[in-house]
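Q: One structure, pasted below without further comment.
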Amino acid sequence: MLVSLHVKNMALIEEQEVAFGPGLNIMTGETGAGKSILIGSLNVALGAGSFKDYVPEGADYALVELVFVTENRETLERLEKMDIPVEEGQVVISRKYQNGRSISRINGETVNQSLIRELAAGLIDIHGQHQHQSLLYPKNHLRILDEFAREDLGDKKAVCQKNWEEYRSVCRELEEALAEDADRAKQIDFLHFEIQEIEDASLRPGEDQELEEAYSRMANSQKIMEALSEARQFVGAEGGAWELAGRAARALGSVAGYGKELEDLQGELMQVEDLLGDLDRGLASCGENFTWDEEEFYRIGQRLDLINHLKAKYGKNIQDIFAYLEEKQEKLNRLTDYENYLETLRQKKQQLKERLCRVAEEISAVRKKHGKILAETIRSSLQDLNFPDVQFELDFQKLEEPGPLGMDEVCFMISMNPGMPLRPLQEVASGGELSRIMLAIKAVMAGKDEIETLIFDEIDTGISGRTAQKVSEKMAVIAGTRQVICITHLAQIAAMADWHLAIEKRVEKGRTITGVRRLNRQEQVEELARILGGVEITDAVRLNAGEMKDMAERTKKY
């Protein structure tokens, strides 16, 4: 669950720590008090919003921090794989804005936004003011059904996705092969030419490096000989380092008997003398063996020109040229044995399609089985939300070709009045009805996932009276199994609060500031009276508010 929200320098909020409790958390306040700032701050921290929409002009610092305590197994395993330490299930997500840049952290470890969004999906579900409109798109109906049937579906969808990708890959290969048929003879001739050109070169692995080194040595032969000669002058000529080291060794030899230190130094000088002698002989040998052959120099140059020509056409090195040769030989074999190649592809395509269809049919069977259960469960949940005569079904249509999600199209069908036929949900439901339908679906799905916190931002749009009471009761039911945070303008919903927060706007030193405080029971009644009474709050309104709170508490007991 979400334990706390810490906001600093976001719109009208200078700094505010908001604590949340278990059960139903209600947030109320006058229009414009800053309720949207809190939801916006949540979205910013979770990577679904931007600081630029909230940081006051001229400010160079802002912070949003969320503290969760979770038992969600998948979330904890994911954090463990990321090497992010977690103590007693506490997950702290923070995002800081400073000097035009933002930094996100989980438990103090810097992470990217995509990782936070991925993690947040297992911690919290935010239902915004317009999210119910997602029900207008049938593709979301299929997603809801699959989530409902997730346990029975197992890995079937992942297998279907993999099979579809393999099937599409073979389809593309077959299409390309058929397109090649028109100029197959021309391609065969060209492939013969390229293969022959590479094979005639008789390349060896690493040959280009060897030749480049030899060519460079020969091209710089005069410079090399001059350097060897000069080096021998310093090392082996009269008065050179070899002769001087020998003199030094003999000079110390005359006194080496007077102490071990002098003996050791003489020994080192003798080793240096031997090394310099070896070096002089090496320099002499290198100079004697270094030859210049104009014919060989020309041959190496011609060979390098050929290799570089092949590199320009077929690859940046000899290994790439060999890989290119192998690829073209395979293609030539395909084109010369074209009919067998096409037949092999056609057979492979058919086999993959059959395999794809099998798993798609298995998925479809699971969906249809759970579709009946889901439809009945949603219908019952809708009746609880003051749709007394509602009918609800899932309409299945089979796709012409199976896709990555299977072979089903699913549409929610609904009738909200007696005698009216079932019609697609998107054609008949109003905005307020969609809000209630989404709440009914959330209530049904609450038992199907491990998300511990649900947030409803003004889900009460377009409802009142008995319907509002039903909505409040449904929220209380959901809050019995997980934390629910709800922003509302309706007294019926606010009365159900287990934890009531008031969002208030005040003026300090000429500046408007938003604050949040938790209400005790008497303050809750006063807040309900404010919602009910409008401008003037009478004793009768307060009495009504108190009765509403008492009734809510009685309702939650049963």
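Just so we're on the same page: first chain in the structure tokens is A, next is B, and so on; residues restart at 1 for each chain, and ligands are numbered from 1 in the order they show up.
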Pick out the residues sitting within 10 Å of A:Ile13, and hand them over as a list of chain:residue names; count only C-alpha atoms, and ignore anything fewer than 6 positions along from it in its own chain.
A: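 Once the nearby chain positions are removed, what remains is A:Val7, A:Gly34, A:Ile37, A:Leu38, A:Tyr54, A:Val55, A:Pro56, A:Lys505, A:Thr512, A:Ile513, A:Thr514, A:Gly515, A:Val516.
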Q: Write down as number ranges by chain the residues belonging to stretch 98-250 of chain A that are assigned strand (DSSP E or B) by DSSP computed on the backbone.
A: A: 98, 101-106, 109-111, 124-127
Q: Deliver the residues from the most recent selection as a file, using N, CA, C and O atoms, as a PDB file, in the first residue's frame.
A:
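Wrote it out as part.pdb, contents follow:
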```pdb
ATOM      1  N   GLN A  98      15.984  19.453 -10.670  1.00  0.00           N
ATOM      2  CA  GLN A  98      16.945  20.478 -10.285  1.00  0.00           C
ATOM      3  C   GLN A  98      17.629  21.049 -11.520  1.00  0.00           C
ATOM      4  O   GLN A  98      18.166  20.307 -12.344  1.00  0.00           O
ATOM      5  N   ARG A 101      16.794  19.497 -14.911  1.00  0.00           N
ATOM      6  CA  ARG A 101      16.972  18.058 -15.103  1.00  0.00           C
ATOM      7  C   ARG A 101      16.281  17.301 -13.974  1.00  0.00           C
ATOM      8  O   ARG A 101      16.119  17.816 -12.867  1.00  0.00           O
ATOM      9  N   SER A 102      15.864  16.052 -14.267  1.00  0.00           N
ATOM     10  CA  SER A 102      15.220  15.244 -13.241  1.00  0.00           C
ATOM     11  C   SER A 102      15.993  13.942 -13.046  1.00  0.00           C
ATOM     12  O   SER A 102      16.563  13.395 -13.985  1.00  0.00           O
ATOM     13  N   ILE A 103      15.988  13.460 -11.790  1.00  0.00           N
ATOM     14  CA  ILE A 103      16.658  12.214 -11.435  1.00  0.00           C
ATOM     15  C   ILE A 103      15.660  11.357 -10.671  1.00  0.00           C
ATOM     16  O   ILE A 103      14.997  11.837  -9.750  1.00  0.00           O
ATOM     17  N   SER A 104      15.543  10.082 -11.056  1.00  0.00           N
ATOM     18  CA  SER A 104      14.624   9.160 -10.403  1.00  0.00           C
ATOM     19  C   SER A 104      15.416   8.109  -9.626  1.00  0.00           C
ATOM     20  O   SER A 104      16.465   7.652 -10.085  1.00  0.00           O
ATOM     21  N   ARG A 105      14.879   7.752  -8.452  1.00  0.00           N
ATOM     22  CA  ARG A 105      15.541   6.740  -7.630  1.00  0.00           C
ATOM     23  C   ARG A 105      14.519   5.781  -7.030  1.00  0.00           C
ATOM     24  O   ARG A 105      13.382   6.162  -6.752  1.00  0.00           O
ATOM     25  N   ILE A 106      14.958   4.537  -6.841  1.00  0.00           N
ATOM     26  CA  ILE A 106      14.197   3.542  -6.089  1.00  0.00           C
ATOM     27  C   ILE A 106      15.087   3.077  -4.948  1.00  0.00           C
ATOM     28  O   ILE A 106      16.183   2.560  -5.180  1.00  0.00           O
ATOM     29  N   GLU A 109      18.677   4.072  -5.214  1.00  0.00           N
ATOM     30  CA  GLU A 109      19.429   3.693  -6.419  1.00  0.00           C
ATOM     31  C   GLU A 109      18.868   4.446  -7.632  1.00  0.00           C
ATOM     32  O   GLU A 109      17.660   4.421  -7.882  1.00  0.00           O
ATOM     33  N   THR A 110      19.731   5.095  -8.387  1.00  0.00           N
ATOM     34  CA  THR A 110      19.300   5.834  -9.573  1.00  0.00           C
ATOM     35  C   THR A 110      18.838   4.868 -10.664  1.00  0.00           C
ATOM     36  O   THR A 110      19.529   3.896 -10.984  1.00  0.00           O
ATOM     37  N   VAL A 111      17.659   5.148 -11.226  1.00  0.00           N
ATOM     38  CA  VAL A 111      17.073   4.291 -12.269  1.00  0.00           C
ATOM     39  C   VAL A 111      16.467   5.165 -13.347  1.00  0.00           C
ATOM     40  O   VAL A 111      16.292   6.378 -13.174  1.00  0.00           O
ATOM     41  N   ILE A 124       0.510   0.136  -8.000  1.00  0.00           N
ATOM     42  CA  ILE A 124      -0.600   1.076  -7.915  1.00  0.00           C
ATOM     43  C   ILE A 124      -1.324   1.159  -9.255  1.00  0.00           C
ATOM     44  O   ILE A 124      -0.711   1.066 -10.319  1.00  0.00           O
ATOM     45  N   ASP A 125      -2.644   1.323  -9.187  1.00  0.00           N
ATOM     46  CA  ASP A 125      -3.476   1.477 -10.386  1.00  0.00           C
ATOM     47  C   ASP A 125      -4.229   2.786 -10.246  1.00  0.00           C
ATOM     48  O   ASP A 125      -5.083   2.927  -9.364  1.00  0.00           O
ATOM     49  N   ILE A 126      -3.882   3.763 -11.092  1.00  0.00           N
ATOM     50  CA  ILE A 126      -4.509   5.082 -11.017  1.00  0.00           C
ATOM     51  C   ILE A 126      -5.593   5.181 -12.078  1.00  0.00           C
ATOM     52  O   ILE A 126      -5.316   5.115 -13.276  1.00  0.00           O
ATOM     53  N   HIS A 127      -6.823   5.332 -11.629  1.00  0.00           N
ATOM     54  CA  HIS A 127      -7.956   5.480 -12.553  1.00  0.00           C
ATOM     55  C   HIS A 127      -8.285   6.961 -12.639  1.00  0.00           C
ATOM     56  O   HIS A 127      -8.911   7.542 -11.756  1.00  0.00           O
TER      57      HIS A 127
END
```
Q: Measuring atom to atom with only C-alpha atoms, identify which of A:Gly29, A:Pro22, A:Gly253, A:Gly239 is nearest to A:Arg530.
A: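 Between A:Gly29, A:Pro22, A:Gly253, A:Gly239, the residue approaching A:Arg530 most closely is A:Gly29.
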Q: Let me make sure I understand: among A:Ala11, A:Cys160, A:Leu310, A:Leu252, which one has the smallest atom-to-atom distance to A:Pro402 if we use only C-alpha atoms?
A: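 Between A:Ala11, A:Cys160, A:Leu310, A:Leu252, the residue approaching A:Pro402 most closely is A:Cys160.
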Q: Rounded to one decimal, what separation in Å do you get between atom CA of A:Gly122 and atom CA of A:Ala476?
A: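 Taking atom CA of A:Gly122 as the start and atom CA of A:Ala476 as the end point, the length is 21.7 Å.
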Q: When you look at A:Leu275 with a cut-off of 12 Å (counting only C-alpha atoms), what residues show up, excluding the ones that are within fewer than 5 positions of it in the same chain? I need them as a PyMOL selection string.
A: chain A and resi 235-236+241-243+245-246+268-270+280-282
Q: Mind the document's chain letters and residue numbers, and return as a PyMOL selection string the residues of stretch 3-139 of chain A that DSSP labels helix (DSSP H, G or I).
A: chain A and resi 35-45+51-53+73-81+113-120+131-136+138-139
Q: Keeping only N, CA and C atoms, write those residues as a short mmCIF file (atom, residue, chain, number, x, y, z; two decimals), in the first residue's frame.
A:
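After the write, result36.cif holds the following:
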```cif
data_model
loop_
_atom_site.label_atom_id
_atom_site.label_comp_id
_atom_site.auth_asym_id
_atom_site.auth_seq_id
_atom_site.Cartn_x
_atom_site.Cartn_y
_atom_site.Cartn_z
N LYS A 35 -6.51 19.35 -5.55
CA LYS A 35 -6.59 17.88 -5.58
C LYS A 35 -5.84 17.32 -6.79
N SER A 36 -5.99 17.99 -7.93
CA SER A 36 -5.33 17.50 -9.14
C SER A 36 -3.80 17.58 -9.04
N ILE A 37 -3.30 18.49 -8.20
CA ILE A 37 -1.85 18.61 -8.03
C ILE A 37 -1.29 17.35 -7.38
N LEU A 38 -2.04 16.81 -6.40
CA LEU A 38 -1.57 15.61 -5.72
C LEU A 38 -1.54 14.42 -6.67
N ILE A 39 -2.61 14.24 -7.46
CA ILE A 39 -2.62 13.15 -8.43
C ILE A 39 -1.54 13.38 -9.49
N GLY A 40 -1.39 14.64 -9.91
CA GLY A 40 -0.34 14.95 -10.88
C GLY A 40 1.04 14.65 -10.33
N SER A 41 1.26 14.95 -9.03
CA SER A 41 2.55 14.66 -8.41
C SER A 41 2.82 13.17 -8.37
N LEU A 42 1.78 12.39 -8.08
CA LEU A 42 1.91 10.93 -8.12
C LEU A 42 2.36 10.47 -9.50
N ASN A 43 1.70 10.99 -10.52
CA ASN A 43 2.04 10.60 -11.90
C ASN A 43 3.46 11.00 -12.26
N VAL A 44 3.90 12.18 -11.79
CA VAL A 44 5.27 12.63 -12.06
C VAL A 44 6.27 11.66 -11.45
N ALA A 45 6.04 11.27 -10.19
CA ALA A 45 6.96 10.35 -9.52
C ALA A 45 7.01 9.00 -10.21
N PHE A 51 7.52 17.30 -14.76
CA PHE A 51 7.67 18.40 -13.81
C PHE A 51 7.27 19.74 -14.43
N LYS A 52 7.48 19.89 -15.73
CA LYS A 52 7.25 21.19 -16.36
C LYS A 52 5.82 21.66 -16.22
N ASP A 53 4.88 20.72 -15.99
CA ASP A 53 3.47 21.09 -15.83
C ASP A 53 3.16 21.59 -14.43
N ARG A 73 4.75 -10.23 -4.58
CA ARG A 73 5.88 -11.12 -4.85
C ARG A 73 6.63 -10.74 -6.11
N GLU A 74 5.90 -10.44 -7.20
CA GLU A 74 6.56 -10.10 -8.47
C GLU A 74 7.39 -8.82 -8.33
N THR A 75 6.84 -7.84 -7.61
CA THR A 75 7.56 -6.58 -7.42
C THR A 75 8.85 -6.81 -6.64
N LEU A 76 8.77 -7.57 -5.56
CA LEU A 76 9.95 -7.83 -4.73
C LEU A 76 11.00 -8.64 -5.50
N GLU A 77 10.56 -9.60 -6.31
CA GLU A 77 11.51 -10.38 -7.12
C GLU A 77 12.19 -9.51 -8.16
N ARG A 78 11.41 -8.61 -8.77
CA ARG A 78 11.98 -7.72 -9.78
C ARG A 78 13.06 -6.82 -9.16
N LEU A 79 12.77 -6.28 -7.97
CA LEU A 79 13.76 -5.43 -7.29
C LEU A 79 15.01 -6.23 -6.92
N GLU A 80 14.82 -7.47 -6.52
CA GLU A 80 15.97 -8.31 -6.18
C GLU A 80 16.86 -8.54 -7.40
N LYS A 81 16.24 -8.78 -8.56
CA LYS A 81 17.01 -8.98 -9.79
C LYS A 81 17.76 -7.71 -10.19
N GLN A 113 13.26 6.16 -16.13
CA GLN A 113 11.82 6.30 -16.00
C GLN A 113 11.06 5.05 -16.44
N SER A 114 11.54 4.39 -17.48
CA SER A 114 10.84 3.20 -17.96
C SER A 114 10.82 2.11 -16.90
N LEU A 115 11.88 2.00 -16.12
CA LEU A 115 11.95 1.01 -15.06
C LEU A 115 10.94 1.34 -13.96
N ILE A 116 10.80 2.62 -13.63
CA ILE A 116 9.83 3.02 -12.61
C ILE A 116 8.41 2.74 -13.09
N ARG A 117 8.13 3.04 -14.36
CA ARG A 117 6.78 2.77 -14.89
C ARG A 117 6.46 1.28 -14.82
N GLU A 118 7.47 0.46 -15.14
CA GLU A 118 7.28 -0.99 -15.10
C GLU A 118 7.01 -1.45 -13.67
N LEU A 119 7.77 -0.92 -12.72
CA LEU A 119 7.60 -1.31 -11.32
C LEU A 119 6.26 -0.82 -10.78
N ALA A 120 5.88 0.41 -11.15
CA ALA A 120 4.64 1.01 -10.64
C ALA A 120 3.41 0.20 -11.04
N GLN A 131 -10.25 7.82 -17.73
CA GLN A 131 -9.80 6.46 -18.05
C GLN A 131 -10.96 5.56 -18.45
N HIS A 132 -12.17 5.85 -17.91
CA HIS A 132 -13.31 5.01 -18.27
C HIS A 132 -13.57 5.02 -19.77
N GLN A 133 -13.05 6.05 -20.45
CA GLN A 133 -13.26 6.12 -21.91
C GLN A 133 -12.49 5.01 -22.64
N SER A 134 -11.55 4.38 -21.95
CA SER A 134 -10.85 3.25 -22.58
C SER A 134 -11.83 2.11 -22.89
N LEU A 135 -12.98 2.09 -22.22
CA LEU A 135 -13.99 1.07 -22.49
C LEU A 135 -14.65 1.26 -23.85
N LEU A 136 -14.41 2.42 -24.46
CA LEU A 136 -14.99 2.67 -25.78
C LEU A 136 -14.24 1.89 -26.87
N PRO A 138 -12.88 -1.71 -28.15
CA PRO A 138 -12.99 -3.15 -27.92
C PRO A 138 -11.67 -3.86 -27.64
N LYS A 139 -10.54 -3.33 -28.14
CA LYS A 139 -9.27 -3.99 -27.86
C LYS A 139 -9.00 -4.06 -26.36
#
```
Q: Quick one, how far is atom CA of A:Ser94 from atom CA of A:Leu63?
A: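 Between these atoms lies a distance of 7.4 Å.
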Q: Counting only C-alpha atoms, what is within 8 Å of stretch 208-218 of chain A, bar same-chain residues fewer than 5 positions away, as a PyMOL selection string?
A: chain A and resi 224+292+297+300-301+304+307+318
Q: State, in Å with one decimal place, the distance from atom CA of A:Lys348 to atom CA of A:Ala185.
A: 25.3 Å
Q: As a PyMOL selection string, please: the residues near A:Phe20 (cut-off 12 Å, only C-alpha atoms, same-chain neighbours under 4 positions excluded).
A: chain A and resi 1-6+24-27+66-69+453+455+483-486+497-501+516-518
Q: Which is closer to A:Ala219 than all the others in A:Gly315, A:Glu294, A:Gly371, A:Arg355, using only C-alpha atoms?
A: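 Closest candidate: A:Glu294.
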Q: Write out as number ranges by chain each polymer residue whose atoms come within 6 Å of stretch 384-396 of chain A, counting only C-alpha atoms; drop sequence neighbours fewer than 3 positions from it.
A: A: 375, 379, 381, 409-417, 467, 470-471
Q: Put those residues in a file: N, CA and C atoms, as a short mmCIF file (atom, residue, chain, number, x, y, z; two decimals), in the first residue's frame.
A:
```cif
data_model
loop_
_atom_site.label_atom_id
_atom_site.label_comp_id
_atom_site.auth_asym_id
_atom_site.auth_seq_id
_atom_site.Cartn_x
_atom_site.Cartn_y
_atom_site.Cartn_z
N ALA A 375 -18.75 -12.19 -17.63
CA ALA A 375 -19.99 -11.47 -17.96
C ALA A 375 -20.97 -11.51 -16.81
N ARG A 379 -22.13 -8.38 -14.53
CA ARG A 379 -23.57 -8.07 -14.45
C ARG A 379 -24.01 -7.94 -13.00
N SER A 381 -22.09 -7.21 -10.45
CA SER A 381 -21.46 -6.01 -9.90
C SER A 381 -22.18 -4.74 -10.35
N GLU A 409 -11.76 -11.52 -31.49
CA GLU A 409 -12.14 -10.14 -31.22
C GLU A 409 -13.27 -10.20 -30.19
N VAL A 410 -13.18 -9.40 -29.15
CA VAL A 410 -14.16 -9.44 -28.07
C VAL A 410 -14.77 -8.06 -27.90
N CYS A 411 -16.08 -8.04 -27.71
CA CYS A 411 -16.78 -6.77 -27.50
C CYS A 411 -17.75 -6.94 -26.33
N PHE A 412 -17.75 -5.98 -25.40
CA PHE A 412 -18.72 -5.99 -24.31
C PHE A 412 -20.07 -5.54 -24.84
N MET A 413 -21.08 -6.35 -24.59
CA MET A 413 -22.45 -6.05 -25.02
C MET A 413 -23.30 -5.79 -23.78
N ILE A 414 -24.14 -4.76 -23.84
CA ILE A 414 -24.90 -4.39 -22.66
C ILE A 414 -26.30 -3.91 -23.03
N SER A 415 -27.25 -4.19 -22.15
CA SER A 415 -28.59 -3.62 -22.22
C SER A 415 -28.92 -3.13 -20.81
N MET A 416 -29.23 -1.84 -20.68
CA MET A 416 -29.45 -1.26 -19.36
C MET A 416 -30.92 -1.08 -19.01
N ASN A 417 -31.81 -1.38 -19.97
CA ASN A 417 -33.24 -1.21 -19.74
C ASN A 417 -34.00 -2.44 -20.20
N THR A 467 -27.65 6.21 -6.75
CA THR A 467 -26.51 5.66 -7.49
C THR A 467 -25.21 5.98 -6.77
N LYS A 470 -24.75 3.63 -3.93
CA LYS A 470 -24.33 2.31 -4.39
C LYS A 470 -22.84 2.30 -4.73
N VAL A 471 -22.39 3.38 -5.37
CA VAL A 471 -20.97 3.48 -5.72
C VAL A 471 -20.12 3.49 -4.46
#
```
